[in-house]
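Peer 1: The file below is start.txt, compact mmCIF, C-alpha atoms:
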# COMPACT_ATOMS: atom_id res chain seq x y z
CA MET X 658 136.96 193.33 75.69
CA PRO X 659 136.43 194.09 72.01
CA ALA X 660 139.39 195.68 70.28
CA ASN X 661 139.43 199.47 70.54
CA ARG X 662 142.01 202.24 70.53
CA HIS X 663 142.29 202.15 74.33
CA ASN X 664 143.64 198.59 74.34
CA GLY X 665 145.77 199.00 71.24
CA TYR X 666 143.11 197.49 68.96
CA THR X 667 143.78 194.05 70.41
CA ASN X 668 141.16 191.38 71.04
CA LEU X 669 143.12 189.38 73.58
CA GLY X 670 140.47 187.24 75.23
CA ILE X 671 140.90 186.23 78.87
CA GLY X 672 144.16 186.57 80.80
CA ILE X 673 145.37 185.92 84.33
CA GLY X 674 147.83 187.65 86.64
CA LEU X 675 151.38 186.33 86.55
CA ARG X 676 152.73 185.54 90.03
CA ILE X 677 155.89 183.84 91.25
CA PRO X 678 154.12 180.58 92.30
CA HIS X 679 152.99 180.21 88.66
CA TYR X 680 156.45 180.33 87.10
CA GLN X 681 157.42 176.66 87.19
CA HIS X 682 154.00 175.42 86.09
CA ILE X 683 153.88 177.82 83.16
CA LEU X 684 157.37 177.01 81.92
CA THR X 685 156.95 173.23 82.22
CA LYS X 686 153.25 172.66 81.48
CA LYS X 687 152.67 175.51 79.03
CA PRO X 688 149.00 176.00 79.94
CA VAL X 689 146.52 177.33 77.41
CA VAL X 690 146.14 180.98 78.45
CA ASP X 691 145.42 183.92 76.15
CA TRP X 692 147.82 186.25 77.97
CA PHE X 693 149.42 187.12 81.30
CA GLU X 694 149.19 190.38 83.20
CA ILE X 695 152.36 191.45 85.00
CA ILE X 696 152.95 194.04 87.70
CA SER X 697 155.31 196.40 85.85
CA GLU X 698 157.33 197.39 88.90
CA ASN X 699 158.38 193.75 89.51
CA TYR X 700 160.34 193.77 86.25
CA MET X 701 161.79 197.29 86.14
CA VAL X 702 165.26 195.94 86.90
CA ASP X 703 168.53 195.70 84.98
CA GLY X 704 168.76 191.90 85.04
CA GLY X 705 168.41 188.80 87.18
CA ARG X 706 165.81 186.08 87.51
CA PRO X 707 162.68 188.26 87.05
CA LEU X 708 163.73 189.31 83.54
CA GLU X 709 165.03 185.83 82.73
CA ILE X 710 161.63 184.32 83.56
CA LEU X 711 159.79 187.12 81.79
CA ASP X 712 161.76 186.60 78.58
CA LYS X 713 160.96 182.88 78.62
CA ILE X 714 157.27 183.62 79.05
CA LEU X 715 157.37 186.23 76.29
CA GLU X 716 158.59 183.54 73.90
CA GLN X 717 155.17 181.90 74.11
CA TYR X 718 152.66 184.35 75.54
CA GLN X 719 151.40 187.89 75.16
CA VAL X 720 152.06 189.98 78.26
CA ILE X 721 150.08 193.05 79.36
CA GLN X 722 151.63 195.49 81.83
CA HIS X 723 149.71 196.64 84.88
CA GLY X 724 151.30 199.12 87.28
CA VAL X 725 150.85 200.01 90.95
CA ALA X 726 153.09 203.07 91.34
CA LEU X 727 152.36 205.71 88.70
CA TYR X 728 150.02 207.46 91.17
CA PHE X 729 148.12 209.53 88.64
CA GLY X 730 146.41 211.41 91.47
CA SER X 731 149.61 212.65 93.13
CA THR X 732 150.95 216.15 92.50
CA GLU X 733 154.72 215.61 92.44
CA LYS X 734 156.75 215.63 89.24
CA TYR X 735 157.45 212.25 87.76
CA ASN X 736 160.88 210.70 88.16
CA ARG X 737 162.08 210.51 84.55
CA ASN X 738 164.54 207.76 85.43
CA GLN X 739 161.66 205.59 86.58
CA LEU X 740 159.68 206.43 83.47
CA GLN X 741 162.67 205.50 81.32
CA LYS X 742 162.81 202.11 83.03
CA LEU X 743 159.11 201.66 82.47
CA LYS X 744 159.46 202.58 78.81
CA ALA X 745 162.29 200.07 78.39
CA LEU X 746 160.02 197.38 79.83
CA VAL X 747 157.18 198.44 77.51
CA ARG X 748 159.48 197.92 74.56
CA ARG X 749 160.68 194.60 75.92
CA THR X 750 157.20 193.16 76.43
CA LYS X 751 155.60 194.86 73.42
CA THR X 752 152.51 195.35 75.57
CA PRO X 753 149.80 196.92 73.37
CA PHE X 754 148.62 199.12 76.25
CA LEU X 755 149.43 199.79 79.89
CA SER X 756 147.22 200.23 82.92
CA ASP X 757 147.58 201.73 86.39
CA HIS X 758 145.32 202.98 89.16
CA LEU X 759 143.27 206.12 89.64
CA CYS X 760 144.74 206.97 93.02
CA TRP X 761 147.55 208.78 94.81
CA GLY X 762 150.27 207.39 97.06
CA SER X 763 153.30 209.66 97.34
CA VAL X 764 154.12 212.88 99.24
CA ASP X 765 157.47 214.70 99.36
CA GLY X 766 159.25 211.79 97.70
CA LYS X 767 157.91 209.25 100.16
CA PHE X 768 155.73 206.40 98.93
CA THR X 769 152.94 204.76 100.90
CA HIS X 770 152.89 201.64 98.69
CA ASP X 771 149.11 201.77 98.88
CA LEU X 772 146.39 202.80 96.44
CA LEU X 773 144.82 205.74 98.26
CA PRO X 774 141.43 207.19 97.26
CA MET X 775 141.19 210.70 95.86
CA PRO X 776 138.88 213.67 96.43
CA TYR X 777 136.48 213.75 93.51
CA THR X 778 136.91 217.40 92.59
CA PHE X 779 137.35 219.22 89.27
CA GLU X 780 140.79 220.38 90.39
CA ALA X 781 141.80 216.75 90.92
CA VAL X 782 140.32 215.84 87.52
CA GLU X 783 142.52 218.38 85.77
CA ASN X 784 145.68 217.38 87.61
CA THR X 785 145.07 213.67 87.07
CA ALA X 786 144.21 213.99 83.39
CA LYS X 787 147.33 216.09 82.80
CA ARG X 788 149.53 213.43 84.40
CA ILE X 789 147.93 210.61 82.42
CA ARG X 790 148.48 212.46 79.15
CA TYR X 791 152.10 213.14 80.10
CA VAL X 792 152.84 209.48 80.85
CA SER X 793 151.03 208.26 77.74
CA ASP X 794 152.99 210.66 75.54
CA PHE X 795 156.26 209.70 77.22
CA LEU X 796 155.67 205.95 76.88
CA GLU X 797 154.08 206.28 73.42
CA ILE X 798 151.39 203.78 74.33
CA PRO X 799 147.67 203.87 75.26
CA ILE X 800 146.85 203.95 78.98
CA CYS X 801 143.85 202.60 80.86
CA VAL X 802 143.10 203.81 84.39
CA GLU X 803 141.64 201.46 86.97
CA ASN X 804 139.07 202.32 89.62
CA VAL X 805 140.30 201.31 93.09
CA SER X 806 138.36 199.98 96.06
CA SER X 807 138.13 202.54 98.85
CA TYR X 808 137.36 202.57 102.56
CA ALA X 809 137.18 206.34 103.14
CA GLU X 810 135.72 209.34 101.32
CA PHE X 811 136.52 213.07 101.19
CA HIS X 812 133.91 215.61 102.31
CA GLN X 813 135.04 218.07 99.63
CA SER X 814 134.16 215.75 96.73
CA GLU X 815 132.09 217.49 94.07
CA MET X 816 130.88 214.41 92.19
CA THR X 817 130.47 210.66 92.48
CA GLU X 818 133.36 208.28 91.94
CA TRP X 819 132.01 207.13 88.58
CA GLU X 820 131.47 210.71 87.43
CA PHE X 821 135.06 211.43 88.43
CA LEU X 822 136.39 208.39 86.56
CA ALA X 823 134.39 209.27 83.46
CA GLU X 824 135.52 212.91 83.57
CA VAL X 825 139.20 211.97 83.97
CA ALA X 826 139.03 209.49 81.08
CA GLU X 827 137.33 212.08 78.87
CA ARG X 828 139.81 214.89 79.60
CA ALA X 829 142.84 212.61 79.38
CA ASP X 830 141.35 210.82 76.36
CA CYS X 831 142.43 207.54 77.90
CA GLY X 832 140.85 204.17 78.46
CA ILE X 833 139.35 202.57 81.56
CA LEU X 834 140.34 199.33 83.23
CA LEU X 835 137.01 198.60 84.88
CA ASP X 836 137.46 196.58 88.07
CA VAL X 837 134.05 195.03 88.75
CA ASN X 838 135.07 193.68 92.15
CA ASN X 839 136.31 197.10 93.26
CA ILE X 840 132.98 198.67 92.31
CA TYR X 841 131.15 196.10 94.45
CA VAL X 842 133.53 196.56 97.40
CA SER X 843 133.21 200.35 97.33
CA SER X 844 129.42 200.16 96.91
CA LEU X 845 129.14 198.18 100.15
CA ASN X 846 131.60 200.43 101.99
CA HIS X 847 129.94 203.68 100.88
CA GLY X 848 126.33 202.71 100.30
CA PHE X 849 125.83 203.42 96.60
CA ASN X 850 124.20 201.28 93.93
CA PRO X 851 126.87 199.50 91.85
CA PHE X 852 124.56 199.48 88.85
CA ASP X 853 124.47 203.28 88.94
CA TYR X 854 128.25 203.16 88.69
CA LEU X 855 128.16 200.88 85.65
CA LYS X 856 125.53 203.03 83.95
CA GLY X 857 127.78 206.07 84.38
CA ILE X 858 130.70 204.56 82.45
CA ASP X 859 131.04 204.89 78.68
CA PRO X 860 131.57 201.29 77.48
CA THR X 861 133.55 202.50 74.45
CA ARG X 862 136.29 203.68 76.82
CA VAL X 863 136.67 200.34 78.58
CA GLY X 864 139.81 198.61 77.36
CA GLN X 865 139.98 195.86 79.99
CA ILE X 866 137.97 194.40 82.86
CA HIS X 867 139.30 193.05 86.17
CA ILE X 868 137.46 190.42 88.16
CA ALA X 869 138.90 189.40 91.53
CA GLY X 870 137.85 188.33 95.00
CA HIS X 871 137.41 190.18 98.27
CA THR X 872 137.10 189.55 102.01
CA ASN X 873 133.92 190.32 103.92
CA TYR X 874 134.84 191.12 107.53
CA GLU X 875 132.24 189.79 109.96
CA LYS X 876 131.88 189.38 113.71
CA ILE X 877 134.11 186.53 114.89
CA HIS X 878 133.79 186.78 118.70
CA PRO X 879 131.12 188.20 121.03
CA ARG X 880 133.69 190.64 122.45
CA TYR X 881 135.56 191.43 119.27
CA THR X 882 134.37 192.62 115.89
CA ARG X 883 136.65 193.19 112.93
CA PRO X 884 136.54 196.67 111.38
CA SER X 885 133.32 196.96 109.41
CA GLY X 886 133.37 196.98 105.65
CA VAL X 887 134.56 194.91 102.75
CA ARG X 888 138.17 194.88 101.69
CA SER X 889 139.35 194.06 98.22
CA GLY X 890 142.29 191.80 97.49
CA LEU X 891 145.33 194.12 97.12
CA GLU X 892 147.70 194.07 94.18
CA THR X 893 151.23 194.05 95.50
CA LEU X 894 154.74 194.20 94.13
Translate this structure into structure tokens?
Peer 2:
Amino acid sequence: MPANRHNGYTNLGIGIGLRIPHYQHILTKKPVVDWFEIISENYMVDGGRPLEILDKILEQYQVIQHGVALYFGSTEKYNRNQLQKLKALVRRTKTPFLSDHLCWGSVDGKFTHDLLPMPYTFEAVENTAKRIRYVSDFLEIPICVENVSSYAEFHQSEMTEWEFLAEVAERADCGILLDVNNIYVSSLNHGFNPFDYLKGIDPTRVGQIHIAGHTNYEKIHPRYTRPSGVRSGLETL
């Protein structure tokens, strides 16, 4: 994406996700890659091999942090200890911006470890935007929110998913990590036109784009059919 305030005015080019199977190849072969994206929660530790590997990679590559557990759509207060750990990692990696998902995933201190879809209501917009602003102020870094793939919808929704995403980004004054694959997955699961989604997003708010694969579940036996729908590849810790 072109440099803008939502990605820290960086023009980083094309990056790939950093995963454990990549470690040895990266450290020995030093491939030509513009940057690596890390799952923040994998490195929010006090020491050990994860940070040792990360520091070696940081010697040669730019790293961008991408989270899976901020749960901007939840309603519980943030754990400041966790945010402190995240801020320490932000300072360690010098990531120019940070991204996480537009979803919820925790209730009464219990975490689902999944990226659950939200009701697209104005009440949810206000709560989500408030939480994004809080985290951005705490971390002192721009934030981009990512659209998730979903397999269920709420009857009480008052707008489309793209209208909800645009409204949250506007009220939080944050960026968007636009996941093209997730748009396609959700469009097949819910029957909307993915191009309508793209037309509803302000391109000046897009700080990063994700492109990934998905699995299309089809009939595999005359007496057994997999659950209908398309499922996106999940980002895990």
Peer 1: What is the distance between atom CA of Ile800 of chain X and atom CA of Ile673 of chain X, in Å to one decimal?
Peer 2: 18.9 Å
Peer 1: When you count all atoms listed in the file, which of these residues is closest to Val702 of chain X: X:Ala809, X:His867, X:Val792, X:Ala745?
Peer 2: X:Ala745
Peer 1: Calculate how many Å separate atom CA of Trp761 of chain X from atom CA of Arg737 of chain X, rounding to one decimal.
Peer 2: 17.9 Å
Peer 1: Measuring between only C-alpha atoms, which one of X:Phe754, X:Tyr808, X:Phe821, X:Tyr735 shows the shortest distance to Glu694 of chain X?
Peer 2: X:Phe754
Peer 1: Identify which of the residues X:Leu708, X:Ala781, X:Val725, X:Leu835 lies closest to Trp819 of chain X, counting only C-alpha atoms when measuring atom-to-atom distances.
Peer 2: X:Leu835
